[in-house]
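Here's the structure we're looking at; comments come further down.
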Amino acid sequence: MNLIWFRSDLRVHDNPALYAAMQDGPTIGLYFLTEMQWQIHNVAPIQQDLILRQLVTLSEELGALGVPLIVIHSSDFAGVIPAIKKAVTKYKIEQVYFNHEYEWNEAQLSELVSAQLETMNIRVKGFDDQCLIAPGKIYNKQGTFYKVFTAFKNAYLSELNEQSRPIYPLPAAQAKTDIQTDLSAIANTPIESLTNIDATEKDNWASLWPTDPGHALTLLERFVDEDILHYHELRDIPSIEGTSKLSAYLAIGAISVRQCYQAAIVISNALDNPGVKTWVVELIWRDFYRHLMVAYPEICRFKPFKMNTDQLPWKQDAKLFQAWCEGRTGYPIVDAAMRQLVATGWMHNRLRMVSAMFLTKHLFIDWRLGEQFFMQHLVDGDLASNNGGWQWSASTGVDAVPYFRIFNPTRQSQRFDENGEFIRQYVPELAKLDNKSIHQPNKQQQTLCGYVAPIVDHKTSVAQTKKHFKQLSDLIPNNTNKEYGLS
Ligand SMILES: Cc1cc2nc3c(=O)[nH]c(=O)nc-3n(C[C@H](O)[C@H](O)[C@H](O)COP(=O)(O)OP(=O)(O)OC[C@H]3O[C@@H](n4cnc5c(N)ncnc54)[C@H](O)[C@@H]3O)c2cc1C
């Protein structure tokens with residue numbers, strides 16, 4: 001009997017490990033519910049709920065293939081090792097299949113599990129699934145990782161035909177085994193962070209982020225049929241559904257990046273079309289941050305890519321931080337963005353940049369606090385992309401925005417939410433203001449609307465931040481590679 005150990009790959013289509021396991025013989029599926037680990041990794045309750053619902057869908061889809069799925073409660077990663085050994089003995093498993101995960105803890109777990117199972121004479125096979133091209137395969141002429149995204153992207157695009165992992169068909173159904181699907185761990189394990197969520201809120205999550213069979217694929221098809229050709233024009237407007245909203249499903253592996261890429265390029269002359277091209281580049285940003293995380297695993301351990309930026313005198317100010325978290329900064333676009341995050345588990349990409357830059361460059365608060373808050377609320381929380389986005393915005397990352405190019409939130413608002421539609425949706429107290437005032441209400445309007453005054457002054461705070469960065473680069477030039485001991 002073969003076993004597929006499901007992780008962030010909760011799908012039956014284009015799943016390398018599942019496909020290989022079923023090709024090699026009768027297969028059962030296993031998933032470990034690691035509630036404690038979720039807490040340690042700040043997995044948002046909304047994402048936990050998405051995973052639990054997707055597991056039910058996965059069990060149905062696997063059922064149609066004759067594959068039972070067993071969910072086991074194991075608290076944290078340490079508990080996975082004895083639990084998988086026990087399951088291997090119980091179900092008389094000969095071969096274990098899994099798709100690689102590239103985060104530090106997850107990669108360590110794969111190695112430990114493989115080593116332990118091999119001592120039991122179990123064959124273990126790991127597959128590269130999460131990127132179009134597996135991390136570690138795209139290096140520059142010096143044999144090191146690219147430090148500039150455009151150069152990485154060009155190399156990636158030119159290697160895609162040669163090196164992209166294949167797309168895997170749906171496996172043929174197998175004869176039913178005697179082993180029964182068992183999801184009782186989902187119902188029997190009270191997940192602490194979900195126990196206080198009422199039914200109405202959970203219904204809201206389920207309608208925002210459905211997990212019906214085939215949902216993610218339908219979303220992809222609809223996006224490619226209806227929106228992708230205009231993506232480059234509409235993707236920056238938060239009041240419009242101009243992006244795919246696939247990130248939540250990509251994060252838990254309900255759909256693969258390979259499927260996304262494939263769907264985009266089947267459009268004729270696809271990469272000549274600016275919409276398709278721009279979208280594919282976004283998929284490559286996602287892969288870039290995964291490749292980066294493998295090249296510089298310190299990123300998973302709270303370290304900035306530019307090591308010298310750890311010396312910045314970030315402000316400790318709980319009140320300012322709280323105001324940002326709760327959408328009470330007095331900058332309407334930032335507040336609308338933060339309220340969208342808390343209400344829906346998702347934030348528009350342009351606004352992720354605006355709000356991350358506001359926290360780090362206006363409030364001068366450590367990017368790691370923002371990174372953690374995002375993880376705790378995002379339905380698409382993903383260590384590599386979240387860390388990459390935060391370090392880009394904070395100017396601490398690889399190919400990050402230069403520290404002196406600081407977004408003016410009011411100008412961003414005027415440019416990308418011209419008529420204030422997005423602000424009106426999430427900051428209803430400002431809804432009656434005219435299209436001009438809504439971006440920056442004056443004192444009288446603030447009082448009238450019951451809206452807060454700006455918690456910091458744009459010009460002063462930005463000048464102070466630039467001073468800190470300038471002093472830092474004068475005092476301690478960045479020498480990332482040396483500090484990491486990497487070539
Ligand atoms: C501060 C910050 C934090 C972020 N945190 C996350 C996160 O935790 N999880 C996450 O998936 N994305 C994150 N992103 C990237 C991006 O904002 C989201 O992927 C995107 O908004 C998801 O919406 P979509 O699926 O409609 O994307 P689309 O615009 O349709 O793009 C398609 C896919 O490409 C990938 N993608 C798009 N933009 C980026 C990007 N800038 N970086 C990396 N991948 C990208 C995503 O997988 C996305 O689903 C973050 C960005 C910033 C600036």
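Chains: A, B, ... in order of the structure tokens. Residues: from 1 per chain. Ligands: from 1, in order shown.
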Can you check which residues of range 98-160 of chain A DSSP gives as strand (DSSP E) on the backbone and send them as a compact mmCIF listing (two decimals) with C-alpha atoms, in the first residue's frame?
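As a result, states_10.txt now contains:
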# COMPACT_ATOMS: atom_id res chain seq x y z
CA PHE A 98 4.77 13.88 -0.56
CA ASN A 99 5.25 17.24 -2.26
CA ARG A 123 10.69 4.13 0.44
CA VAL A 124 10.05 7.86 0.57
CA LYS A 125 9.60 10.01 -2.54
CA GLY A 126 9.46 13.82 -2.47
CA PHE A 127 8.28 15.90 -5.45
Per residue of chain A within 8 Å of ligand 1, record the nearest atom pair and its distance in Å to one decimal, counting only C-alpha atoms and all ligand atoms, with rows in chain order and ascending residue number, as JSON lines.
{"residue": "A:Tyr231", "atom": "CA", "partner": "ligand 1", "partner_atom_place_in_ligand_line": "29 (O)", "distance": 7.9}
{"residue": "A:Arg235", "atom": "CA", "partner": "ligand 1", "partner_atom_place_in_ligand_line": "29 (O)", "distance": 6.4}
{"residue": "A:Gly242", "atom": "CA", "partner": "ligand 1", "partner_atom_place_in_ligand_line": "26 (O)", "distance": 7.6}
{"residue": "A:Thr243", "atom": "CA", "partner": "ligand 1", "partner_atom_place_in_ligand_line": "26 (O)", "distance": 4.0}
{"residue": "A:Ser244", "atom": "CA", "partner": "ligand 1", "partner_atom_place_in_ligand_line": "30 (O)", "distance": 3.6}
{"residue": "A:Lys245", "atom": "CA", "partner": "ligand 1", "partner_atom_place_in_ligand_line": "26 (O)", "distance": 3.2}
{"residue": "A:Leu246", "atom": "CA", "partner": "ligand 1", "partner_atom_place_in_ligand_line": "25 (O)", "distance": 3.9}
{"residue": "A:Ser247", "atom": "CA", "partner": "ligand 1", "partner_atom_place_in_ligand_line": "49 (O)", "distance": 3.3}
{"residue": "A:Ala248", "atom": "CA", "partner": "ligand 1", "partner_atom_place_in_ligand_line": "11 (O)", "distance": 6.6}
{"residue": "A:Tyr249", "atom": "CA", "partner": "ligand 1", "partner_atom_place_in_ligand_line": "49 (O)", "distance": 7.9}
{"residue": "A:Leu250", "atom": "CA", "partner": "ligand 1", "partner_atom_place_in_ligand_line": "47 (O)", "distance": 6.0}
{"residue": "A:Ala251", "atom": "CA", "partner": "ligand 1", "partner_atom_place_in_ligand_line": "11 (O)", "distance": 6.1}
{"residue": "A:Val257", "atom": "CA", "partner": "ligand 1", "partner_atom_place_in_ligand_line": "47 (O)", "distance": 7.6}
{"residue": "A:Trp279", "atom": "CA", "partner": "ligand 1", "partner_atom_place_in_ligand_line": "31 (O)", "distance": 6.0}
{"residue": "A:Val280", "atom": "CA", "partner": "ligand 1", "partner_atom_place_in_ligand_line": "34 (O)", "distance": 7.5}
{"residue": "A:Val281", "atom": "CA", "partner": "ligand 1", "partner_atom_place_in_ligand_line": "34 (O)", "distance": 7.9}
{"residue": "A:Glu282", "atom": "CA", "partner": "ligand 1", "partner_atom_place_in_ligand_line": "37 (C)", "distance": 4.4}
{"residue": "A:Leu283", "atom": "CA", "partner": "ligand 1", "partner_atom_place_in_ligand_line": "34 (O)", "distance": 4.1}
{"residue": "A:Ile284", "atom": "CA", "partner": "ligand 1", "partner_atom_place_in_ligand_line": "44 (N)", "distance": 7.3}
{"residue": "A:Trp285", "atom": "CA", "partner": "ligand 1", "partner_atom_place_in_ligand_line": "43 (C)", "distance": 4.7}
{"residue": "A:Arg286", "atom": "CA", "partner": "ligand 1", "partner_atom_place_in_ligand_line": "44 (N)", "distance": 3.5}
{"residue": "A:Asp287", "atom": "CA", "partner": "ligand 1", "partner_atom_place_in_ligand_line": "44 (N)", "distance": 7.3}
{"residue": "A:Phe288", "atom": "CA", "partner": "ligand 1", "partner_atom_place_in_ligand_line": "43 (C)", "distance": 7.8}
{"residue": "A:Tyr289", "atom": "CA", "partner": "ligand 1", "partner_atom_place_in_ligand_line": "43 (C)", "distance": 6.8}
{"residue": "A:Trp346", "atom": "CA", "partner": "ligand 1", "partner_atom_place_in_ligand_line": "21 (O)", "distance": 7.6}
{"residue": "A:Met347", "atom": "CA", "partner": "ligand 1", "partner_atom_place_in_ligand_line": "21 (O)", "distance": 6.3}
{"residue": "A:His348", "atom": "CA", "partner": "ligand 1", "partner_atom_place_in_ligand_line": "21 (O)", "distance": 4.9}
{"residue": "A:Asn349", "atom": "CA", "partner": "ligand 1", "partner_atom_place_in_ligand_line": "17 (O)", "distance": 3.6}
{"residue": "A:Arg350", "atom": "CA", "partner": "ligand 1", "partner_atom_place_in_ligand_line": "53 (C)", "distance": 7.1}
{"residue": "A:Leu351", "atom": "CA", "partner": "ligand 1", "partner_atom_place_in_ligand_line": "53 (C)", "distance": 7.6}
{"residue": "A:Arg352", "atom": "CA", "partner": "ligand 1", "partner_atom_place_in_ligand_line": "53 (C)", "distance": 4.5}
{"residue": "A:Met353", "atom": "CA", "partner": "ligand 1", "partner_atom_place_in_ligand_line": "53 (C)", "distance": 4.2}
{"residue": "A:Val354", "atom": "CA", "partner": "ligand 1", "partner_atom_place_in_ligand_line": "53 (C)", "distance": 7.9}
{"residue": "A:Ser355", "atom": "CA", "partner": "ligand 1", "partner_atom_place_in_ligand_line": "1 (C)", "distance": 7.6}
{"residue": "A:Ala356", "atom": "CA", "partner": "ligand 1", "partner_atom_place_in_ligand_line": "1 (C)", "distance": 5.3}
{"residue": "A:Glu371", "atom": "CA", "partner": "ligand 1", "partner_atom_place_in_ligand_line": "1 (C)", "distance": 7.1}
{"residue": "A:Phe374", "atom": "CA", "partner": "ligand 1", "partner_atom_place_in_ligand_line": "8 (O)", "distance": 7.0}
{"residue": "A:Met375", "atom": "CA", "partner": "ligand 1", "partner_atom_place_in_ligand_line": "8 (O)", "distance": 6.2}
{"residue": "A:Leu378", "atom": "CA", "partner": "ligand 1", "partner_atom_place_in_ligand_line": "8 (O)", "distance": 6.4}
{"residue": "A:Asp380", "atom": "CA", "partner": "ligand 1", "partner_atom_place_in_ligand_line": "9 (N)", "distance": 4.7}
{"residue": "A:Gly381", "atom": "CA", "partner": "ligand 1", "partner_atom_place_in_ligand_line": "8 (O)", "distance": 3.5}
{"residue": "A:Asp382", "atom": "CA", "partner": "ligand 1", "partner_atom_place_in_ligand_line": "8 (O)", "distance": 4.1}
{"residue": "A:Leu383", "atom": "CA", "partner": "ligand 1", "partner_atom_place_in_ligand_line": "8 (O)", "distance": 6.1}
{"residue": "A:Ala384", "atom": "CA", "partner": "ligand 1", "partner_atom_place_in_ligand_line": "8 (O)", "distance": 7.4}
{"residue": "A:Ser385", "atom": "CA", "partner": "ligand 1", "partner_atom_place_in_ligand_line": "43 (C)", "distance": 4.6}
{"residue": "A:Asn386", "atom": "CA", "partner": "ligand 1", "partner_atom_place_in_ligand_line": "5 (N)", "distance": 3.2}
{"residue": "A:Asn387", "atom": "CA", "partner": "ligand 1", "partner_atom_place_in_ligand_line": "3 (C)", "distance": 6.7}
{"residue": "A:Gly388", "atom": "CA", "partner": "ligand 1", "partner_atom_place_in_ligand_line": "42 (N)", "distance": 6.9}
{"residue": "A:Gly389", "atom": "CA", "partner": "ligand 1", "partner_atom_place_in_ligand_line": "52 (C)", "distance": 3.6}
{"residue": "A:Trp390", "atom": "CA", "partner": "ligand 1", "partner_atom_place_in_ligand_line": "1 (C)", "distance": 4.1}
{"residue": "A:Gln391", "atom": "CA", "partner": "ligand 1", "partner_atom_place_in_ligand_line": "1 (C)", "distance": 7.6}
{"residue": "A:Trp392", "atom": "CA", "partner": "ligand 1", "partner_atom_place_in_ligand_line": "53 (C)", "distance": 7.2}
{"residue": "A:Ser393", "atom": "CA", "partner": "ligand 1", "partner_atom_place_in_ligand_line": "1 (C)", "distance": 6.5}
Expected file contents, prior selection, N, CA and C atoms, as a compact mmCIF listing (two decimals), in the first residue's frame:
# COMPACT_ATOMS: atom_id res chain seq x y z
N TYR A 231 -6.08 42.65 -17.35
CA TYR A 231 -5.42 42.61 -16.03
C TYR A 231 -4.47 43.79 -15.83
N ARG A 235 -5.67 45.91 -12.58
CA ARG A 235 -5.20 45.22 -11.37
C ARG A 235 -4.86 46.16 -10.22
N GLY A 242 -10.45 43.19 -10.44
CA GLY A 242 -9.60 43.09 -11.63
C GLY A 242 -8.50 42.03 -11.50
N THR A 243 -8.45 41.36 -10.34
CA THR A 243 -7.43 40.32 -10.16
C THR A 243 -8.12 38.98 -9.96
N SER A 244 -7.35 37.92 -9.94
CA SER A 244 -7.96 36.58 -9.98
C SER A 244 -8.56 36.11 -8.66
N LYS A 245 -8.08 36.67 -7.53
CA LYS A 245 -8.50 36.20 -6.19
C LYS A 245 -8.22 34.71 -6.01
N LEU A 246 -7.14 34.25 -6.62
CA LEU A 246 -6.78 32.83 -6.49
C LEU A 246 -5.80 32.57 -5.36
N SER A 247 -5.26 33.65 -4.77
CA SER A 247 -4.16 33.46 -3.81
C SER A 247 -4.51 32.53 -2.65
N ALA A 248 -5.76 32.59 -2.16
CA ALA A 248 -6.13 31.74 -1.02
C ALA A 248 -6.02 30.27 -1.42
N TYR A 249 -6.41 29.98 -2.65
CA TYR A 249 -6.42 28.59 -3.12
C TYR A 249 -5.01 28.13 -3.47
N LEU A 250 -4.20 29.06 -3.96
CA LEU A 250 -2.79 28.72 -4.22
C LEU A 250 -2.07 28.43 -2.90
N ALA A 251 -2.40 29.22 -1.88
CA ALA A 251 -1.69 29.07 -0.59
C ALA A 251 -1.91 27.70 0.03
N VAL A 257 0.22 26.42 -9.25
CA VAL A 257 0.70 27.54 -10.06
C VAL A 257 0.89 27.06 -11.51
N TRP A 279 0.18 39.14 -15.79
CA TRP A 279 -0.28 38.15 -14.80
C TRP A 279 0.77 37.07 -14.60
N VAL A 280 1.37 36.62 -15.71
CA VAL A 280 2.41 35.58 -15.60
C VAL A 280 3.59 36.12 -14.77
N VAL A 281 3.90 37.40 -14.95
CA VAL A 281 4.99 37.98 -14.15
C VAL A 281 4.64 37.94 -12.66
N GLU A 282 3.37 38.13 -12.33
CA GLU A 282 2.97 38.05 -10.90
C GLU A 282 3.16 36.62 -10.38
N LEU A 283 2.85 35.64 -11.22
CA LEU A 283 3.08 34.24 -10.80
C LEU A 283 4.57 34.03 -10.55
N ILE A 284 5.38 34.70 -11.38
CA ILE A 284 6.84 34.54 -11.22
C ILE A 284 7.33 35.25 -9.95
N TRP A 285 6.70 36.36 -9.58
CA TRP A 285 7.04 37.00 -8.29
C TRP A 285 6.83 35.99 -7.16
N ARG A 286 5.72 35.26 -7.27
CA ARG A 286 5.42 34.26 -6.22
C ARG A 286 6.55 33.22 -6.16
N ASP A 287 6.95 32.75 -7.33
CA ASP A 287 8.02 31.74 -7.36
C ASP A 287 9.35 32.34 -6.91
N PHE A 288 9.58 33.60 -7.29
CA PHE A 288 10.83 34.28 -6.92
C PHE A 288 11.01 34.25 -5.40
N TYR A 289 9.94 34.60 -4.67
CA TYR A 289 10.06 34.64 -3.21
C TYR A 289 10.27 33.25 -2.62
N TRP A 346 -8.60 39.20 3.10
CA TRP A 346 -7.86 39.48 1.87
C TRP A 346 -7.67 40.99 1.74
N MET A 347 -6.58 41.38 1.14
CA MET A 347 -6.38 42.80 0.85
C MET A 347 -5.82 42.91 -0.56
N HIS A 348 -6.26 43.93 -1.27
CA HIS A 348 -5.81 44.17 -2.63
C HIS A 348 -4.30 44.42 -2.64
N ASN A 349 -3.61 43.92 -3.67
CA ASN A 349 -2.14 44.02 -3.69
C ASN A 349 -1.63 45.46 -3.57
N ARG A 350 -2.22 46.38 -4.30
CA ARG A 350 -1.75 47.78 -4.23
C ARG A 350 -1.84 48.28 -2.79
N LEU A 351 -2.92 47.89 -2.11
CA LEU A 351 -3.14 48.38 -0.75
C LEU A 351 -2.25 47.66 0.26
N ARG A 352 -1.85 46.42 -0.07
CA ARG A 352 -0.88 45.75 0.81
C ARG A 352 0.41 46.56 0.82
N MET A 353 0.79 47.05 -0.36
CA MET A 353 2.01 47.86 -0.43
C MET A 353 1.82 49.19 0.31
N VAL A 354 0.67 49.83 0.09
CA VAL A 354 0.41 51.13 0.71
C VAL A 354 0.38 50.99 2.23
N SER A 355 -0.34 49.98 2.74
CA SER A 355 -0.48 49.88 4.20
C SER A 355 0.81 49.39 4.85
N ALA A 356 1.57 48.52 4.13
CA ALA A 356 2.84 48.04 4.69
C ALA A 356 3.84 49.20 4.74
N GLU A 371 4.09 42.03 9.34
CA GLU A 371 4.11 40.72 8.67
C GLU A 371 3.28 39.72 9.50
N PHE A 374 -0.51 40.54 9.38
CA PHE A 374 -1.07 40.08 8.10
C PHE A 374 -1.30 38.56 8.14
N MET A 375 -0.29 37.80 8.58
CA MET A 375 -0.44 36.34 8.62
C MET A 375 -1.64 35.95 9.48
N LEU A 378 -4.76 36.94 7.12
CA LEU A 378 -4.91 36.65 5.68
C LEU A 378 -5.43 35.24 5.42
N ASP A 380 -4.99 34.07 2.53
CA ASP A 380 -3.96 33.57 1.61
C ASP A 380 -2.57 33.64 2.24
N GLY A 381 -2.51 33.73 3.58
CA GLY A 381 -1.22 33.86 4.26
C GLY A 381 -0.21 32.84 3.75
N ASP A 382 0.95 33.35 3.35
CA ASP A 382 1.96 32.48 2.75
C ASP A 382 3.31 33.08 3.14
N LEU A 383 4.11 32.32 3.86
CA LEU A 383 5.33 32.89 4.42
C LEU A 383 6.19 33.60 3.37
N ALA A 384 6.46 32.92 2.26
CA ALA A 384 7.38 33.48 1.27
C ALA A 384 6.84 34.79 0.68
N SER A 385 5.58 34.77 0.23
CA SER A 385 5.03 35.98 -0.42
C SER A 385 4.80 37.09 0.58
N ASN A 386 4.37 36.73 1.78
CA ASN A 386 4.10 37.76 2.78
C ASN A 386 5.41 38.41 3.22
N ASN A 387 6.39 37.58 3.51
CA ASN A 387 7.69 38.10 3.91
C ASN A 387 8.28 38.93 2.77
N GLY A 388 8.17 38.42 1.55
CA GLY A 388 8.72 39.14 0.39
C GLY A 388 8.06 40.50 0.24
N GLY A 389 6.72 40.53 0.37
CA GLY A 389 5.98 41.79 0.22
C GLY A 389 6.34 42.77 1.32
N TRP A 390 6.49 42.26 2.54
CA TRP A 390 6.84 43.15 3.66
C TRP A 390 8.25 43.68 3.53
N GLN A 391 9.17 42.80 3.16
CA GLN A 391 10.56 43.28 3.06
C GLN A 391 10.75 44.20 1.85
N TRP A 392 9.93 44.00 0.83
CA TRP A 392 9.97 44.93 -0.31
C TRP A 392 9.52 46.31 0.16
N SER A 393 8.39 46.34 0.87
CA SER A 393 7.81 47.62 1.30
C SER A 393 8.68 48.33 2.32
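Proximity ranking of A:Gln163, A:Asn42, A:Thr211, A:Asn204 relative to Thr57 in chain A places A:Thr211 first, based on only C-alpha atoms.
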Quiz prompt | For Gln259 in chain A: contacts at 12 Å, only C-alpha atoms, fewer than 5 positions along chain excluded, given as a PyMOL selection string | solution = chain A and resi 11+13-15+129-132+164-169+216-221+224+246+249-250+253-254+264-266+280+283
Output N, CA and C atoms of each residue in that selection to a file, as a compact mmCIF listing (two decimals), in the first residue's frame.
# COMPACT_ATOMS: atom_id res chain seq x y z
N ARG A 11 -5.37 18.99 -3.33
CA ARG A 11 -6.11 18.86 -4.60
C ARG A 11 -5.79 17.51 -5.23
N HIS A 13 -6.16 17.27 -8.87
CA HIS A 13 -5.65 17.58 -10.22
C HIS A 13 -4.21 18.08 -10.12
N ASP A 14 -3.40 17.72 -11.05
CA ASP A 14 -2.02 18.22 -11.13
C ASP A 14 -1.31 18.14 -9.78
N ASN A 15 -1.41 16.98 -9.16
CA ASN A 15 -0.72 16.78 -7.88
C ASN A 15 0.37 15.72 -8.10
N ASP A 129 6.59 20.65 -6.37
CA ASP A 129 5.22 20.92 -6.81
C ASP A 129 4.93 22.41 -6.87
N GLN A 130 5.43 23.17 -5.88
CA GLN A 130 4.89 24.51 -5.62
C GLN A 130 5.28 25.60 -6.60
N CYS A 131 6.35 25.39 -7.37
CA CYS A 131 6.80 26.43 -8.31
C CYS A 131 6.80 25.87 -9.73
N LEU A 132 6.82 26.77 -10.70
CA LEU A 132 6.91 26.32 -12.09
C LEU A 132 8.25 25.62 -12.31
N SER A 164 10.37 23.64 -16.69
CA SER A 164 9.12 23.68 -15.93
C SER A 164 8.67 22.26 -15.59
N ARG A 165 8.14 22.12 -14.40
CA ARG A 165 7.64 20.79 -14.06
C ARG A 165 6.43 20.50 -14.93
N PRO A 166 6.19 19.23 -15.25
CA PRO A 166 5.06 18.94 -16.13
C PRO A 166 3.73 19.16 -15.41
N ILE A 167 2.66 19.14 -16.19
CA ILE A 167 1.33 19.18 -15.58
C ILE A 167 0.84 17.73 -15.52
N TYR A 168 0.28 17.35 -14.38
CA TYR A 168 -0.08 15.94 -14.17
C TYR A 168 -1.58 15.76 -14.35
N PRO A 169 -1.97 14.72 -15.09
CA PRO A 169 -3.41 14.50 -15.28
C PRO A 169 -4.06 13.97 -14.01
N ALA A 216 -11.89 26.33 -7.34
CA ALA A 216 -10.69 27.10 -7.71
C ALA A 216 -10.45 27.03 -9.22
N LEU A 217 -10.71 25.87 -9.81
CA LEU A 217 -10.52 25.75 -11.26
C LEU A 217 -11.52 26.61 -12.02
N THR A 218 -12.75 26.65 -11.51
CA THR A 218 -13.78 27.49 -12.16
C THR A 218 -13.39 28.96 -12.07
N LEU A 219 -12.86 29.35 -10.89
CA LEU A 219 -12.41 30.74 -10.71
C LEU A 219 -11.31 31.07 -11.72
N LEU A 220 -10.39 30.14 -11.88
CA LEU A 220 -9.29 30.34 -12.83
C LEU A 220 -9.84 30.47 -14.25
N GLU A 221 -10.75 29.56 -14.61
CA GLU A 221 -11.29 29.59 -15.97
C GLU A 221 -12.02 30.91 -16.22
N VAL A 224 -9.52 33.74 -16.66
CA VAL A 224 -8.83 33.68 -17.95
C VAL A 224 -9.79 34.04 -19.09
N LEU A 246 -7.14 34.25 -6.62
CA LEU A 246 -6.78 32.83 -6.49
C LEU A 246 -5.80 32.57 -5.36
N TYR A 249 -6.41 29.98 -2.65
CA TYR A 249 -6.42 28.59 -3.12
C TYR A 249 -5.01 28.13 -3.47
N LEU A 250 -4.20 29.06 -3.96
CA LEU A 250 -2.79 28.72 -4.22
C LEU A 250 -2.07 28.43 -2.90
N GLY A 253 -2.90 25.08 -1.76
CA GLY A 253 -2.69 24.07 -2.80
C GLY A 253 -3.99 23.49 -3.35
N ALA A 254 -5.10 24.24 -3.25
CA ALA A 254 -6.34 23.77 -3.86
C ALA A 254 -6.24 23.90 -5.39
N ALA A 264 -3.22 30.39 -18.54
CA ALA A 264 -2.93 31.72 -19.10
C ALA A 264 -2.31 31.61 -20.48
N ILE A 265 -1.41 30.66 -20.67
CA ILE A 265 -0.68 30.67 -21.94
C ILE A 265 -1.40 29.94 -23.08
N VAL A 266 -2.51 29.27 -22.78
CA VAL A 266 -3.21 28.65 -23.91
C VAL A 266 -3.92 29.69 -24.76
N VAL A 280 1.37 36.62 -15.71
CA VAL A 280 2.41 35.58 -15.60
C VAL A 280 3.59 36.12 -14.77
N LEU A 283 2.85 35.64 -11.22
CA LEU A 283 3.08 34.24 -10.80
C LEU A 283 4.57 34.03 -10.55
Exercise. Would you please work out which residue, of A:Leu33, A:Val80, A:Leu472, A:Ile228, is nearest to Met307 in chain A when using only C-alpha atoms?
Key: A:Leu472
Write out as JSON lines a residue-level contact list of range 24-90 of chain A versus range 178-190 of chain A with cut-off 6 Å: for each qualifying residue the closest pair of atoms and the distance in Å to one decimal, counting only C-alpha atoms, rows sorted by chain and residue number upward.
{"residue": "A:Pro68", "atom": "CA", "partner": "A:Thr181", "partner_atom": "CA", "distance": 4.4}
{"residue": "A:Leu69", "atom": "CA", "partner": "A:Thr181", "partner_atom": "CA", "distance": 4.8}
{"residue": "A:Ile70", "atom": "CA", "partner": "A:Asp182", "partner_atom": "CA", "distance": 4.7}
{"residue": "A:Val71", "atom": "CA", "partner": "A:Leu183", "partner_atom": "CA", "distance": 5.3}
{"residue": "A:Ile72", "atom": "CA", "partner": "A:Ala185", "partner_atom": "CA", "distance": 5.9}
{"residue": "A:His73", "atom": "CA", "partner": "A:Ala185", "partner_atom": "CA", "distance": 5.9}
Exercise. Write out as a VMD selection string which residues come within 7 Å of Val67 in chain A when counting only C-alpha atoms, dropping same-chain ones fewer than 5 positions away.
Key: chain A and resid 27 to 29 62
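For the pair CA of Tyr97 in chain A and CA of Met120 in chain A, the separation is 15.1 Å.
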Exercise. Would you mind listing what lies within 12 Å of Leu475 in chain A as a ChimeraX atom specification, with only C-alpha atoms counted and same-chain residues fewer than 4 positions away left out?
Key: /A:308-309,311-312,468-471
Would you put the residues from that selection into a file with N, CA and C atoms, as a short mmCIF file (atom, residue, chain, number, x, y, z; two decimals), in the first residue's frame?
data_model
loop_
_atom_site.label_atom_id
_atom_site.label_comp_id
_atom_site.auth_asym_id
_atom_site.auth_seq_id
_atom_site.Cartn_x
_atom_site.Cartn_y
_atom_site.Cartn_z
N ASN A 308 22.00 44.82 7.52
CA ASN A 308 22.26 46.07 8.24
C ASN A 308 20.97 46.74 8.72
N THR A 309 19.85 46.43 8.04
CA THR A 309 18.60 47.11 8.42
C THR A 309 18.08 46.64 9.79
N GLN A 311 19.65 47.12 12.29
CA GLN A 311 20.12 48.16 13.22
C GLN A 311 19.24 49.41 13.19
N LEU A 312 18.21 49.41 12.37
CA LEU A 312 17.32 50.60 12.33
C LEU A 312 16.60 50.74 13.68
N HIS A 468 16.74 58.21 9.17
CA HIS A 468 17.19 56.96 9.81
C HIS A 468 17.89 56.04 8.80
N PHE A 469 17.28 55.89 7.62
CA PHE A 469 17.87 55.00 6.61
C PHE A 469 19.21 55.56 6.11
N LYS A 470 19.24 56.89 5.94
CA LYS A 470 20.46 57.52 5.43
C LYS A 470 21.60 57.31 6.44
N GLN A 471 21.30 57.57 7.70
CA GLN A 471 22.32 57.39 8.75
C GLN A 471 22.81 55.96 8.76
#
Quiz item: So what do you get for CA of Phe77 in chain A versus CA of Gln37 in chain A, distance-wise?
Solution: 6.5 Å
Self-check item: Spatial neighbours of Val294 in chain A, max dist 8 Å, only C-alpha atoms, sep filter under 5 positions, as a list in words
Solution: Tyr102, Glu103, Pro135 and Gly136 of chain A
Exercise. List every residue of range 262-357 of chain A that DSSP, applied to the backbone of this structure, assigns to alpha helix (DSSP H), and report them as an NGL selection string.
Key: :A and (262-265 or 274-295 or 318-325 or 332-344 or 349-357)
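Distance-wise, CA of Leu30 in chain A and CA of Trp5 in chain A end up 5.0 Å apart.
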Using only C-alpha atoms, which residues of range 291-313 of chain A come within 10 Å of range 363-368 of chain A, and what is the closest atom pair for each, with the distance in Å to one decimal? Give it as CSV, sorted by chain and residue number.
residue,atom,partner,partner_atom,distance
A:Phe302,CA,A:Arg368,CA,7.2
A:Lys303,CA,A:Arg368,CA,9.1
A:Pro304,CA,A:Arg368,CA,9.1
A:Asp310,CA,A:Asp366,CA,9.4
A:Leu312,CA,A:Asp366,CA,8.8
A:Pro313,CA,A:Phe364,CA,8.5
Quiz item: Excluding same-chain residues fewer than 3 positions from Gln322 in chain A, what lies within 12 Å of it counting only C-alpha atoms, as a PyMOL selection string?
Solution: chain A and resi 316-319+325-329+335+338+359+363+365+369-370+373+455
Under the rule of at most 10 Å, produce a per-residue listing of range 278-339 of chain A near range 406-409 of chain A: chain, number, name, the closest pair of atoms, and the distance in Å, as JSON lines, using only C-alpha atoms.
{"residue": "A:Tyr331", "atom": "CA", "partner": "A:Pro409", "partner_atom": "CA", "distance": 7.1}
{"residue": "A:Pro332", "atom": "CA", "partner": "A:Pro409", "partner_atom": "CA", "distance": 8.6}
{"residue": "A:Ile333", "atom": "CA", "partner": "A:Pro409", "partner_atom": "CA", "distance": 6.9}
{"residue": "A:Val334", "atom": "CA", "partner": "A:Pro409", "partner_atom": "CA", "distance": 7.2}
